[in-house]
Every structure is written in C-alpha cells, then in structure tokens.
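Engineer: Right, I'll just put the structure down here and ask away after.
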Amino acid sequence: MDYRILGPLEVVDSDRRPLPLGGPKQRALLALLLLHANEVVSADTLIDRLWGGGPPATAAKVLQVQVWRLRKALGTEALATRAPGYVLGVGADELDLARFERLLAEARGAEPATAAAKLRDALSLWRGTPLADLAYEQFASTEVARLEELRLVALEERIEADLAIGRHSELVPELEALVAEHPLREQIRGQLMVALYRSGRQADALQSYRRARELLLEELGLDPSPPLQELERAILSHDPSLVAPAAQGERLAQRQGAILVAPNGRPPDALLTLAAPLAAEPGRELIVARIVPGDERELLAQATAELRAHREELRSRGVTARIASFTSADRAADLVRLAFDHDVDLLLVAAELELLRGEVPTGELGALLAAAPCDAAVVTGTADARRAGPVLVPFGAAYHDWAALEVGAWLARAHDAPLQLLGSVTGEARDASRLLADASLVVQRTTGVAAEPLLTEAGASGVLAAAENARLLVIGFSERWQREGVGKARMRIAEECPVPLVLVRRGLRPGGLAPQESRTRFTWSLTSVAAR
C-alpha cells in the first residue's frame with residue numbers, strides 16, 4: 001500500500017491502482033490517522049478534530065461507521081481498535097511523509113553532495129499543497145501549515161548543501177524567486193546574499209540586504225537579525241570565510257526568539273523573569289514586541305522608550321534581544337504573523353484569570369491559542385527570581401503534556417532549578433511511576449536535565465499540595481480545550497496555586513523533545529496579554 005498526503009490524499013494498492021476512499025468525513029478520518037500513523041489516536045481526539053467545537057450527538061456512532069468503511073477499503077488488518085481509540089498500521093516505506101522525514105534525517109548526517117541528492121529526492125515526493133482536497137476540514141489548516149513549514153526547512157537545507165558544493169551561480173534565480181515568495185524569511189535572504197557574492201555580484205548582494213532591512217523596518221519595525229547584519233559586514237570587508245563553502249548544515253539565522261506584548265502599559269518584567277534566562281545561552285535570542293491598540297497611538301513613543309530600556313537591561317545580563325513597537329487593530333493576528341515570519345517556537349503569554357474562565361478562551365487570548373503556529377504558554381501569577389524550589393510538571397503523556405514537559409525542562413535548566421514530574425496514585429497496585437520514568441529518560445537524553453518523579457493523589461488537590469514547595473508549575477492544556485476551555489480542575493489550580501502557573505498548548509512545530517528526524521529549529525517567543 002502507498003499512502004500519500006504530500007498533495008491531495010491518495011492511497012494506491014500494490015497494482016498501482018488508486019483506492020476509492022469514500023466521502024469527505026471518511027477521507028478526513030484517514031488523513032488524521034495517517035498524520036499519526038502507528039500511534040493510538042483516541043476517539044475523543046478524532047471527534048474533536050473531525051467536528052471541531054460542535055460535534056453532533058451521534059458523533060461517536062458516526063465515527064464507528066466511518067472506521068468500519070475505512071476497514072473495508074484498506075483491509076481489516078490495517079486499522080485496529082486499541083483503547084482508547086484506533087491505530088492505523090503503516091509500513092516504513094508506505095507513507096510519503098515518513099519517506100520524506102527519513103530522507104531529511106539521512107541528509108543531515110551526510111556530506112554536502114549526498115545531502116543535496118537526498119533532499120532533492122525528499123522534495124520530489126511533494127505533489128502540491130498537502131491534503132489539498134481537505135482544505136475545508138477544520139483540522140487541515142494547522143496540519144497543512146506544519147507540513148509546508150517542514151518543506152521549507154528541507155528546501156533551505158538543500159540550498160545550503162548546494163552552496164557547500166559550489167552551485168551558487170545556478171541557485172541565484174531560484175533564490176530570487178523564493179525571496180519574492182517569502183520576503184521576511186531571513187534564512188533564504190542570507191542564502192541569496194551568499195550566492196550573489198560568490199557569483200561576483202557583491203553590489204547585488206548588498207542591495208538585497210538593504211531591501212530586506214527596509215522591508216523589516218516598514219512591516220515590523222525590526223532591524224535584520226544579528227546573523228544577517230554580520231553577513232552584510234562580512235560582504236563589505238570581503239571576509240575570506242565567504243569564499244570557502246560553509247559547513248554542511250550550518251544555518252545563517254541561528255536564533256531563538258521571544259515575542260512580548262504589554263498592552264495598556266503593563267510592565268513586561270514578570271515575563272522577562274521567566275524568559276530572559278532562556279535566551280542567555282549562546283545563539284539564543286529574545287524578540288520583545290509591544291503592540292499598542294490602534295486607538296491609543298499616543299502610547300507608542302512611551303512604549304518604544306520602555307522597550308529600549310528593557311533591551312539595555314537585558315544586554316547587561318548577556319541576553320541578546322530585538323525589540324519592536326507598533327500600533328495594530330488586531331494584535332492577536334499580528335502576533336501570529338510575527339510567530340510565523342520569525343520562526344518562533346514558544347509564545348509566552350501573561351493573562352489575567354478572568355480570561356481563562358468560561359468554556360473556551362475568547363478575545364485576543366483565544367485567537368492566539370487557536371492560531372499560533374508554535375507552542376503557546378499562558379502564565380498566571382508573578383514569577384519571583386529569588387524563589388527556590390523545583391519546576392513542577394504534572395505529566396500524563398497526553399498531547400499537550402509533552403509540550404508542557406519540554407517547556408518545563410528548558411525552564412528548569414535555564415533557571416538552574418530541579419525538575420519534578422508529578423504523577424498520580426490511583427490505587428494500591430497502580431501508580432504513574434513507570435510513565436514518569438520513561439518521560440524522565442526522554443528529558444535527560446534531549447536536554448540533559450534529570451527529572452525527579454513525584455507521586456501524589458489524583459486531581460487538583462494533589463497538584464496544589466505538591467506546588468507548595470515549587471518555584472513554578474507547568475501544566476499542559478486539555479485535549480478538549482477548544483470545546484471545554486481550561487476546565488474545572490485546571491481553573492481551580494490557577495485560582496489557588498501558590499506559585500506562578502504556566503499552561504502550555506502544543507503547537508505545530510516540533511520542539512526539543514521531538515525525535516531528531518522531525519525536529520526543526522528550536523526558538524523561543526515571549527508575549528504578554530492582559531485584560532483591557
């Protein structure tokens with residue numbers, strides 16, 4: 001069987017004949033199972049993704065019917081029932097996305113010429129926009145954005161490999177077209193500058209930089225990133241390092257960013273207390289943005305001055321920061337745009353408790369959580385840099401728990417604090433110790449942070465008791481947050497928590513705990529949203 005999702009959804013049998021896949025809901029179900037191939041996907045998750053926030057009363061029965069029809073099309077052995085849902089078994093070479101990711105992983109460990117060939121093979125698997133025939137499905141837009149981002153990363157790496165083997169002249173037309181399509185993507189802009197310079201076109205390379213700078217200032221109020229500025233200086237000085245091919249896999253824009261928004265004059269100090277240590281390591285970067293409501297333009301000058309003061313204070317602590325301030329009639333949409341354009345991987349949001357009440361977060365916070373491409377973390381309470389104790393992460397291996405574990409591990413390492421994984425005891429013979437041990441091994445392998453398991457009674461009471469001695473509590477969102485909001489248990493924790501609480505919603509881009517073959521750049525973003 002050959003499953004194809006890097007284009008319109010298609011399944012081809014061993015005789016190269018396409019299989020009939022039924023109606024829209026059946027095709028959408030197959031796409032969801034393929035996106036989580038060989039993983040158990042719960043029935044609740046499938047219902048949530050297939051029907052969004054308003055599933056019909058008969059959703060569970062309809063799902064069972066669609067599973068039955070899919071088994072008839074694919075064969076009874078392909079799709080198995082496994083509590084609490086279903087798993088679609090797919091062979092290593094049966095899914096085009098899996099083949100693409102495998103070739104991408106092999107390229108990252110190969111010499112430039114081999115890497116370029118493997119990446120070309122990987123990119124040839126694409127047949128247009130992924131899941132193009134399911135664009136009307138609610139879940140498709142986020143998945144398509146993730147896959148398109150993955151394709152762009154592979155394309156950038158293929159270009160880097162081609163530059164390393166001297167194909168700069170033939171790359172110029174392709175890079176010029178890519179820059180026109182993605183004018184704010186600094187990685188591609190830098191590659192064009194290098195290709196132009198190595199082709200004997202120094203003036204054109206510098207002109208490309210000036211266009212990038214003008215565009216960034218006009219659109220975002222930002223200067224080019226430090227790596228792009230350094231590249232311009234190297235071109236001006238004819239730096240010898242530009243003549244030799246760059247090391248395979250080296251990136252021009254190795255930054256990790258953070259976006260901060262402080263509406264209505266709220267100070268960003270509380271968020272910076274959490275975020276600054278994350279950006280203090282070499283190669284990391286903080287992006288601090290202040291978006292002023294469109295009807296409060298008189299605050300713009302004040303906001304800009306405050307950001308400059310924060311940037312200087314951050315520099316004194318060894319933290320690289322870029323700042324931006326501008327007015328906007330839709331601040332959430334502008335934050336989402338910044339997160340896309342600047343490869344942000346963590347959007348840190350300060351929110352009042354009132355914004356979390358109700359069935360679904362609404363307003364700016366709801367828009368951010370629904371549309372941000374990266375992990376989004378909502379912070380309640382005020383962080384205190386002097387407070388001792390561990391970073392505490394309740395962990396149950398749910399979808400958003402992995403993102404919470406990642407954020408908690410990086411916060412613990414950045415703040416030089418212990419990391420504790422909290423699990424429940426559900427009876428005399430059952431506890432979460434095995435699950436916590438497995439998660440701890442993953443964390444140690446990927447971050448170097450040793451996570452201590454901690455068992456407590458189930459529910460909000462157990463979490464609150466454990467948090468008494470913590471410095472920070474990090475919890476993943478519920479898988480049903482788009483239908484039920486934060487939920488009663490998490491809301492009680494937020495109201496009674498004795499330490500700052502960070503609620504994490506998993507994003508599209510793989511982060512530090514993702515397998516190496518599916519990982520993209522790991523960057524940080526910081527934002528602050530408060531009630532008007």
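Just remember, in the structure tokens the first chain shown is A, the second B, etc., residues are 1-based per chain, and ligands are 1-based in the order shown.
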Might you pull out every residue within 10 Å of range 460-467 of chain A, with only C-alpha atoms counted and same-chain residues fewer than 3 positions away left off, and present them as an NGL selection string?
Structural biologist: :A and (389-394 or 420 or 422-425 or 454-457 or 470-473 or 475 or 488-494 or 496-501)
Engineer: So which residues touch Leu192 in chain A within 6 Å, counting only C-alpha atoms, skipping near sequence neighbours fewer than 3 positions away, as JSON, numbers by chain?
Structural biologist: {"A": [175, 189, 195]}
Engineer: Using only C-alpha atoms, which protein or nucleic acid residues come within 12 Å of Arg17 in chain A? Drop anything in the same chain fewer than 4 positions from it, and give the result as a VMD selection string.
Structural biologist: chain A and resid 1 to 3 10 to 13
Engineer: Assign secondary structure with DSSP using the backbone only, and return the residues of range 155-402 of chain A in helix (DSSP H, G or I) as a ChimeraX atom specification.
Structural biologist: /A:155-164,168-181,186-198,202-220,226-236,240-242,263-265,269-279,297-316,331-341,353-356,363-371,399-402
Engineer: CA of Arg480 in chain A to CA of Leu97 in chain A: how many Å, to one decimal?
Structural biologist: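 Separation of CA of Arg480 in chain A and CA of Leu97 in chain A: 26.8 Å.
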Engineer: Which residue, A:Tyr136, A:Trp126, A:Phe100, A:Trp68, has the smallest gap to Ala28 in chain A when you use only C-alpha atoms?
Structural biologist: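 Closest to Ala28 in chain A, using only C-alpha atoms: A:Tyr136.
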Engineer: Pick out the residues sitting within 8 Å of range 366-369 of chain A, and hand them over as a PyMOL selection string; count only C-alpha atoms, and ignore anything fewer than 5 positions along from it in its own chain.
Structural biologist: chain A and resi 332-333+335-336+360-361+376+505
Engineer: What lies within 9 Å of Leu79 in chain A using only C-alpha atoms, ignoring chain neighbours under 3 positions off, as a PyMOL selection string?
Structural biologist: chain A and resi 67+70-71+74-76+86-89
Engineer: Write out the residues from the selection above, keeping all heavy atoms, as a PDB file, in the first residue's frame.
Structural biologist:
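Dumped everything to selection10.pdb:
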ATOM      1  N   VAL A  67     -15.063   4.287  10.552  1.00  0.00           N
ATOM      2  CA  VAL A  67     -13.960   3.334  10.776  1.00  0.00           C
ATOM      3  C   VAL A  67     -14.255   2.018  10.070  1.00  0.00           C
ATOM      4  O   VAL A  67     -13.379   1.422   9.423  1.00  0.00           O
ATOM      5  CB  VAL A  67     -13.743   3.115  12.288  1.00  0.00           C
ATOM      6  CG1 VAL A  67     -12.818   1.923  12.528  1.00  0.00           C
ATOM      7  CG2 VAL A  67     -13.162   4.367  12.924  1.00  0.00           C
ATOM      8  N   LEU A  70     -13.729   2.455   6.402  1.00  0.00           N
ATOM      9  CA  LEU A  70     -12.305   2.570   6.095  1.00  0.00           C
ATOM     10  C   LEU A  70     -11.634   1.207   6.139  1.00  0.00           C
ATOM     11  O   LEU A  70     -10.741   0.910   5.321  1.00  0.00           O
ATOM     12  CB  LEU A  70     -11.649   3.532   7.093  1.00  0.00           C
ATOM     13  CG  LEU A  70     -10.364   4.240   6.658  1.00  0.00           C
ATOM     14  CD1 LEU A  70     -10.539   4.940   5.332  1.00  0.00           C
ATOM     15  CD2 LEU A  70      -9.948   5.242   7.740  1.00  0.00           C
ATOM     16  N   ARG A  71     -12.061   0.346   7.061  1.00  0.00           N
ATOM     17  CA  ARG A  71     -11.508  -1.012   7.121  1.00  0.00           C
ATOM     18  C   ARG A  71     -11.849  -1.785   5.844  1.00  0.00           C
ATOM     19  O   ARG A  71     -11.043  -2.565   5.335  1.00  0.00           O
ATOM     20  CB  ARG A  71     -12.067  -1.743   8.335  1.00  0.00           C
ATOM     21  CG  ARG A  71     -11.405  -1.343   9.657  1.00  0.00           C
ATOM     22  CD  ARG A  71     -11.707  -2.361  10.736  1.00  0.00           C
ATOM     23  NE  ARG A  71     -11.014  -2.028  11.963  1.00  0.00           N
ATOM     24  CZ  ARG A  71     -11.618  -1.665  13.085  1.00  0.00           C
ATOM     25  NH1 ARG A  71     -12.933  -1.577  13.131  1.00  0.00           N
ATOM     26  NH2 ARG A  71     -10.911  -1.394  14.162  1.00  0.00           N
ATOM     27  N   LEU A  74      -9.356  -0.437   3.171  1.00  0.00           N
ATOM     28  CA  LEU A  74      -7.918  -0.660   3.379  1.00  0.00           C
ATOM     29  C   LEU A  74      -7.578  -2.091   3.766  1.00  0.00           C
ATOM     30  O   LEU A  74      -6.412  -2.494   3.668  1.00  0.00           O
ATOM     31  CB  LEU A  74      -7.390   0.278   4.471  1.00  0.00           C
ATOM     32  CG  LEU A  74      -7.593   1.780   4.259  1.00  0.00           C
ATOM     33  CD1 LEU A  74      -7.047   2.563   5.445  1.00  0.00           C
ATOM     34  CD2 LEU A  74      -6.926   2.231   2.971  1.00  0.00           C
ATOM     35  N   GLY A  75      -8.558  -2.825   4.247  1.00  0.00           N
ATOM     36  CA  GLY A  75      -8.279  -4.156   4.767  1.00  0.00           C
ATOM     37  C   GLY A  75      -8.405  -4.165   6.271  1.00  0.00           C
ATOM     38  O   GLY A  75      -8.008  -3.209   6.952  1.00  0.00           O
ATOM     39  N   THR A  76      -8.951  -5.226   6.812  1.00  0.00           N
ATOM     40  CA  THR A  76      -9.249  -5.271   8.248  1.00  0.00           C
ATOM     41  C   THR A  76      -7.994  -5.215   9.113  1.00  0.00           C
ATOM     42  O   THR A  76      -8.051  -4.774  10.259  1.00  0.00           O
ATOM     43  CB  THR A  76     -10.042  -6.546   8.575  1.00  0.00           C
ATOM     44  OG1 THR A  76      -9.288  -7.691   8.116  1.00  0.00           O
ATOM     45  CG2 THR A  76     -11.393  -6.530   7.895  1.00  0.00           C
ATOM     46  N   TYR A  86      -8.109   4.221  18.025  1.00  0.00           N
ATOM     47  CA  TYR A  86      -7.753   3.410  16.857  1.00  0.00           C
ATOM     48  C   TYR A  86      -6.301   3.684  16.461  1.00  0.00           C
ATOM     49  O   TYR A  86      -5.754   4.756  16.725  1.00  0.00           O
ATOM     50  CB  TYR A  86      -8.679   3.727  15.678  1.00  0.00           C
ATOM     51  CG  TYR A  86     -10.146   3.599  16.014  1.00  0.00           C
ATOM     52  CD1 TYR A  86     -10.881   4.722  16.418  1.00  0.00           C
ATOM     53  CD2 TYR A  86     -10.790   2.368  15.938  1.00  0.00           C
ATOM     54  CE1 TYR A  86     -12.224   4.604  16.739  1.00  0.00           C
ATOM     55  CE2 TYR A  86     -12.135   2.255  16.254  1.00  0.00           C
ATOM     56  CZ  TYR A  86     -12.847   3.372  16.663  1.00  0.00           C
ATOM     57  OH  TYR A  86     -14.163   3.259  16.985  1.00  0.00           O
ATOM     58  N   VAL A  87      -5.693   2.704  15.797  1.00  0.00           N
ATOM     59  CA  VAL A  87      -4.334   2.878  15.292  1.00  0.00           C
ATOM     60  C   VAL A  87      -4.275   2.335  13.866  1.00  0.00           C
ATOM     61  O   VAL A  87      -4.758   1.238  13.584  1.00  0.00           O
ATOM     62  CB  VAL A  87      -3.310   2.164  16.206  1.00  0.00           C
ATOM     63  CG1 VAL A  87      -3.599   0.686  16.342  1.00  0.00           C
ATOM     64  CG2 VAL A  87      -1.891   2.380  15.674  1.00  0.00           C
ATOM     65  N   LEU A  88      -3.694   3.117  12.963  1.00  0.00           N
ATOM     66  CA  LEU A  88      -3.509   2.707  11.574  1.00  0.00           C
ATOM     67  C   LEU A  88      -2.067   2.251  11.396  1.00  0.00           C
ATOM     68  O   LEU A  88      -1.135   3.045  11.536  1.00  0.00           O
ATOM     69  CB  LEU A  88      -3.823   3.871  10.625  1.00  0.00           C
ATOM     70  CG  LEU A  88      -3.667   3.582   9.131  1.00  0.00           C
ATOM     71  CD1 LEU A  88      -4.637   2.485   8.696  1.00  0.00           C
ATOM     72  CD2 LEU A  88      -3.900   4.850   8.305  1.00  0.00           C
ATOM     73  N   GLY A  89      -1.889   0.978  11.124  1.00  0.00           N
ATOM     74  CA  GLY A  89      -0.546   0.438  10.927  1.00  0.00           C
ATOM     75  C   GLY A  89      -0.035   0.740   9.530  1.00  0.00           C
ATOM     76  O   GLY A  89      -0.678   0.394   8.541  1.00  0.00           O
TER      77      GLY A  89
END
Engineer: Please return, as a ChimeraX atom specification, all residues of range 100-324 of chain A that DSSP assigns to strand (DSSP E or B) on the basis of the backbone.
Structural biologist: /A:286-293,321-324
Engineer: When you look at Gly358 in chain A with a cut-off of 10 Å (counting only C-alpha atoms), what residues show up, excluding the ones that are within fewer than 4 positions of it in the same chain? I need them as a list in words.
Structural biologist: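 Those residues are Glu354, Thr362, Glu484, Gly485, Val486, Gly487, Lys488 and Met491 of chain A.
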